file target.csv (CSV, C-alpha atoms and all ligand atoms)
chain,number,residue,atom,x,y,z
K,1,MET,CA,-17.9,-46.5,12.9
K,2,ALA,CA,-19.9,-43.7,14.6
K,3,SER,CA,-17.8,-41.1,12.8
K,4,ILE,CA,-18.5,-42.7,9.4
K,5,LYS,CA,-22.2,-42.5,10.1
K,6,PHE,CA,-21.8,-38.9,11.1
K,7,VAL,CA,-19.9,-38.2,7.9
K,8,THR,CA,-22.5,-39.9,5.9
K,9,LEU,CA,-25.2,-37.9,7.5
K,10,ILE,CA,-23.4,-34.6,6.8
K,11,THR,CA,-22.9,-35.8,3.2
K,12,MET,CA,-26.6,-36.3,2.7
K,13,VAL,CA,-27.3,-32.8,4.2
K,14,VAL,CA,-24.7,-31.1,2.0
K,15,ILE,CA,-25.9,-32.9,-1.1
K,16,LEU,CA,-29.6,-32.4,-0.7
K,17,LEU,CA,-29.8,-29.0,1.0
K,18,PRO,CA,-29.4,-26.9,-2.1
K,19,THR,CA,-32.0,-28.9,-3.9
K,20,ILE,CA,-34.6,-28.8,-1.2
K,21,ALA,CA,-34.0,-25.1,-0.6
K,22,MET,CA,-34.9,-24.4,-4.2
K,23,ALA,CA,-38.6,-25.2,-4.0
K,24,THR,CA,-40.8,-22.8,-2.1
K,25,GLU,CA,-44.1,-23.7,-0.3
K,26,PHE,CA,-46.5,-20.7,-0.4
K,27,VAL,CA,-49.3,-20.8,2.2
K,28,VAL,CA,-52.0,-18.8,0.4
K,29,GLY,CA,-53.0,-15.8,2.6
K,30,ASP,CA,-50.4,-16.9,5.2
K,31,ALA,CA,-52.1,-17.2,8.6
K,32,ASN,CA,-55.4,-15.8,7.2
K,33,GLY,CA,-55.8,-19.0,5.1
K,34,TRP,CA,-58.3,-19.2,2.2
K,35,LYS,CA,-61.5,-17.2,2.9
K,36,PRO,CA,-63.7,-14.5,1.5
K,37,SER,CA,-63.0,-10.8,2.2
K,38,PHE,CA,-59.2,-11.1,1.8
K,39,ASP,CA,-57.1,-9.4,-0.8
K,40,TYR,CA,-55.2,-12.4,-2.4
K,41,GLN,CA,-53.8,-10.2,-5.2
K,42,ALA,CA,-52.1,-8.0,-2.6
K,43,TRP,CA,-50.8,-11.2,-0.9
K,44,ALA,CA,-49.4,-12.4,-4.3
K,45,LYS,CA,-48.1,-9.1,-5.5
K,46,ASP,CA,-44.6,-9.2,-4.0
K,47,LYS,CA,-44.1,-13.0,-4.6
K,48,VAL,CA,-42.4,-14.8,-7.4
K,49,PHE,CA,-43.8,-18.2,-8.2
K,50,HIS,CA,-41.7,-20.8,-10.0
K,51,VAL,CA,-42.4,-24.2,-11.5
K,52,GLY,CA,-41.8,-26.7,-8.7
K,53,ASP,CA,-43.1,-24.4,-6.0
K,54,THR,CA,-46.3,-25.4,-4.1
K,55,LEU,CA,-49.4,-23.5,-3.1
K,56,VAL,CA,-51.0,-24.6,0.2
K,57,PHE,CA,-54.7,-23.7,0.7
K,58,ASN,CA,-55.8,-23.9,4.4
K,59,TYR,CA,-59.5,-23.5,5.1
K,60,PRO,CA,-62.4,-25.1,6.9
K,61,SER,CA,-64.3,-27.6,4.6
K,62,PRO,CA,-67.2,-27.2,4.3
K,63,PRO,CA,-67.9,-24.5,3.4
K,64,HIS,CA,-64.9,-23.7,1.2
K,65,ASN,CA,-63.2,-25.4,-1.7
K,66,VAL,CA,-60.6,-24.7,-4.4
K,67,PHE,CA,-61.5,-24.8,-8.0
K,68,LYS,CA,-58.8,-24.3,-10.7
K,69,VAL,CA,-60.4,-22.3,-13.4
K,70,ASN,CA,-59.4,-20.3,-16.5
K,71,GLY,CA,-59.3,-16.5,-16.8
K,72,THR,CA,-63.0,-16.2,-17.7
K,73,GLY,CA,-64.0,-18.4,-14.7
K,74,PHE,CA,-61.8,-16.2,-12.5
K,75,LYS,CA,-63.2,-12.9,-13.7
K,76,GLU,CA,-66.9,-14.0,-13.7
K,77,CYS,CA,-66.6,-16.3,-10.7
K,78,VAL,CA,-67.9,-19.4,-12.4
K,79,LYS,CA,-66.7,-22.9,-11.8
K,80,PRO,CA,-66.2,-25.4,-14.6
K,81,THR,CA,-69.4,-27.0,-15.7
K,82,THR,CA,-67.9,-30.4,-16.5
K,83,ASN,CA,-67.0,-32.8,-13.8
K,84,ASP,CA,-63.5,-33.6,-15.2
K,85,GLN,CA,-62.0,-31.2,-12.8
K,86,PRO,CA,-63.4,-31.7,-9.4
K,87,PRO,CA,-62.6,-29.1,-6.7
K,88,LEU,CA,-60.1,-29.7,-3.9
K,89,THR,CA,-61.9,-30.0,-0.6
K,90,SER,CA,-59.5,-31.4,2.0
K,91,GLY,CA,-59.0,-28.0,3.8
K,92,ASN,CA,-55.2,-28.5,3.5
K,93,ASP,CA,-54.7,-28.7,-0.2
K,94,LYS,CA,-51.3,-28.7,-1.7
K,95,ILE,CA,-51.0,-27.8,-5.4
K,96,GLU,CA,-47.6,-28.2,-7.1
K,97,LEU,CA,-47.1,-25.6,-9.8
K,98,LYS,CA,-46.1,-27.9,-12.6
K,99,THR,CA,-46.2,-25.5,-15.6
K,100,ALA,CA,-45.4,-21.9,-16.3
K,101,GLY,CA,-48.1,-19.4,-17.1
K,102,ASN,CA,-51.1,-17.8,-15.5
K,103,LYS,CA,-53.1,-19.8,-12.9
K,104,TRP,CA,-56.5,-19.0,-11.5
K,105,TYR,CA,-58.2,-20.4,-8.4
K,106,ILE,CA,-61.6,-19.7,-6.9
K,107,CYS,CA,-63.9,-20.9,-4.1
K,108,SER,CA,-67.2,-21.9,-5.7
K,109,THR,CA,-69.4,-21.7,-2.6
K,110,SER,CA,-72.2,-19.1,-2.6
K,111,ASN,CA,-70.7,-15.7,-3.4
K,112,HIS,CA,-67.3,-16.3,-1.8
K,113,CYS,CA,-65.4,-15.7,-5.0
K,114,ALA,CA,-67.2,-12.4,-5.6
K,115,LEU,CA,-66.3,-11.5,-2.0
K,116,GLY,CA,-62.6,-11.9,-2.8
K,117,GLN,CA,-61.9,-15.7,-2.4
K,118,LYS,CA,-60.0,-15.9,-5.6
K,119,LEU,CA,-56.4,-16.0,-6.5
K,120,THR,CA,-54.5,-15.5,-9.7
K,121,ILE,CA,-50.7,-15.9,-10.1
K,122,THR,CA,-48.2,-16.1,-12.9
K,123,VAL,CA,-45.8,-19.0,-12.6
K,124,MET,CA,-42.3,-18.5,-14.0
K,125,GLU,CA,-40.0,-21.2,-15.4
K,126,GLY,CA,-38.2,-23.3,-12.9
K,127,PRO,CA,-35.3,-21.8,-10.8
K,128,PRO,CA,-32.1,-21.6,-12.9
K,129,ALA,CA,-29.8,-23.8,-10.8
K,130,PRO,CA,-29.1,-26.4,-9.7
K,131,ALA,CA,-32.4,-28.1,-10.5
K,132,PRO,CA,-36.1,-27.7,-9.7
K,133,SER,CA,-37.7,-29.7,-6.8
K,134,SER,CA,-38.3,-32.6,-9.1
K,135,ALA,CA,-34.6,-33.4,-8.5
K,136,VAL,CA,-35.7,-34.6,-5.0
K,137,ARG,CA,-38.1,-37.2,-6.4
K,138,GLY,CA,-36.3,-38.0,-9.6
K,139,PHE,CA,-32.9,-37.6,-7.9
K,140,ILE,CA,-31.2,-36.0,-10.9
K,141,PHE,CA,-27.8,-35.0,-9.8
K,142,SER,CA,-26.6,-31.5,-10.6
K,143,GLY,CA,-22.9,-30.8,-11.1
K,144,TYR,CA,-22.7,-29.4,-7.6
K,145,GLN,CA,-24.1,-32.5,-6.1
K,146,VAL,CA,-21.7,-34.8,-8.0
K,147,PHE,CA,-18.8,-32.6,-7.0
K,148,MET,CA,-19.7,-32.6,-3.3
K,149,ALA,CA,-20.4,-36.4,-3.4
K,150,ALA,CA,-17.0,-37.0,-4.9
K,151,ILE,CA,-15.2,-34.8,-2.3
K,152,VAL,CA,-16.9,-36.5,0.6
K,153,GLY,CA,-16.4,-39.9,-1.0
K,154,VAL,CA,-12.6,-39.3,-1.0
K,155,PHE,CA,-12.8,-38.1,2.5
K,156,ILE,CA,-14.6,-41.2,3.7
K,157,ALA,CA,-12.1,-43.4,1.9
K,158,VAL,CA,-9.2,-41.7,3.6
K,159,ALA,CA,-10.9,-41.7,7.0
K,160,ALA,CA,-11.8,-45.4,6.8
V,201,LIG,C1,-63.1,-21.5,-19.4
V,201,LIG,O1,-63.7,-22.5,-18.7
V,201,LIG,C2,-65.1,-22.6,-18.9
V,201,LIG,C3,-65.7,-23.6,-17.9
V,201,LIG,O2,-64.9,-24.7,-17.8
V,201,LIG,C4,-65.3,-23.1,-20.4
V,201,LIG,O3,-66.7,-23.3,-20.7
V,201,LIG,C5,-64.7,-22.1,-21.3
V,201,LIG,O4,-64.7,-22.6,-22.6
V,201,LIG,C6,-63.2,-21.8,-20.9
V,201,LIG,N1,-62.7,-20.7,-21.7
V,201,LIG,C7,-61.6,-20.8,-22.3
V,201,LIG,C8,-61.2,-19.5,-23.0
V,201,LIG,O5,-60.9,-21.8,-22.3
V,202,CU,CU,-65.5,-20.2,0.2
call {"tool": "encode", "arguments": {"input": "target.csv", "output": "structure tokens", "more": "lines below"}}
Ligand SMILES: *[C@@H]1O[C@H](CO)[C@@H](O)[C@H](O)[C@H]1NC(C)=O
Ligand SMILES: [Cu+2]
result
Amino acid sequence: MASIKFVTLITMVVILLPTIAMATEFVVGDANGWKPSFDYQAWAKDKVFHVGDTLVFNYPSPPHNVFKVNGTGFKECVKPTTNDQPPLTSGNDKIELKTAGNKWYICSTSNHCALGQKLTITVMEGPPAPAPSSAVRGFIFSGYQVFMAAIVGVFIAVAA
């Protein structure tokens, strides 16, 4: 019985590993976190962001926050005037990149944005294969996963 449990565990790892490995979690600024006087464009320059990836903003709150803005808000460092998009303020904010295109984020406190606490990235369509990270939640099987599950299923049947 113990060996069957082990085989089942290995099965889950083999099936899920490629899916989990697809989505990347980017810690904005790495160990520097989210703060003024940091070059977030230099940080983002060599990175490729895909739909399904996650941005993590780490910072002390107060004083900082994260506002999602448009290109104008980014350039002029102005937060949205309406309240339909409140800022993130947890200090450990995870933003899943759900759509492709340009994204802009600023801190609205004092002159922090003008001092460099602003980030713009371009999000590409999801990774080509086997499936974006939504597969973990929606559990949509890729061809690879079905194939591996079938092989291990036969193996378990033979072993039992
Ligand atoms: C950008 O956001 C501001 C503030 O929310 C809004 O007033 C403005 O119309 C937006 N501009 C565009 C081009 O969407
Ligand atoms: Cu700030």
call {"tool": "atom_distance", "arguments": {"input": "target.csv", "atom1": "atom C2 of ligand LIG 201 (chain V)", "atom2": "atom CA of K:Leu119"}}
result
16.5 Å
call {"tool": "residues_near_ligand", "arguments": {"input": "target.csv", "ligand": "ligand LIG 201 (chain V)", "cutoff": "8 Å", "atoms": "all atoms listed in the file", "output": "tab-separated table (two decimals) with C-alpha atoms, in the frame of the given file"}}
result
chain	number	residue	atom	x	y	z
K	69	VAL	CA	-60.40	-22.30	-13.40
K	70	ASN	CA	-59.40	-20.30	-16.50
K	71	GLY	CA	-59.30	-16.50	-16.80
K	72	THR	CA	-63.00	-16.20	-17.70
K	73	GLY	CA	-64.00	-18.40	-14.70
K	78	VAL	CA	-67.90	-19.40	-12.40
K	79	LYS	CA	-66.70	-22.90	-11.80
K	80	PRO	CA	-66.20	-25.40	-14.60
K	81	THR	CA	-69.40	-27.00	-15.70
K	82	THR	CA	-67.90	-30.40	-16.50
call {"tool": "residues_near_ligand", "arguments": {"input": "target.csv", "ligand": "ligand CU 202 (chain V)", "cutoff": "12 Å", "atoms": "all atoms listed in the file", "output": "PyMOL selection string"}}
result
chain K and resi 33-38+57-67+77+87-89+91+105-118
call {"tool": "residues_near_point", "arguments": {"input": "target.csv", "point": "(-40.3, -25.6, -3.4)", "cutoff": "6 Å", "atoms": "all atoms listed in the file", "output": "count of residues only"}}
result
7
call {"tool": "closest_residue", "arguments": {"input": "target.csv", "among": "K:Asn32, K:Thr54, K:Asn83, K:Gln41", "to": "K:Thr120", "atoms": "all atoms listed in the file"}}
result
K:Gln41
call {"tool": "atom_distance", "arguments": {"input": "target.csv", "atom1": "atom CA of K:Trp43", "atom2": "atom CA of K:Gly29"}}
result
6.2 Å
call {"tool": "atom_distance", "arguments": {"input": "target.csv", "atom1": "atom CA of K:Pro86", "atom2": "atom CA of K:Gly101"}}
result
21.1 Å
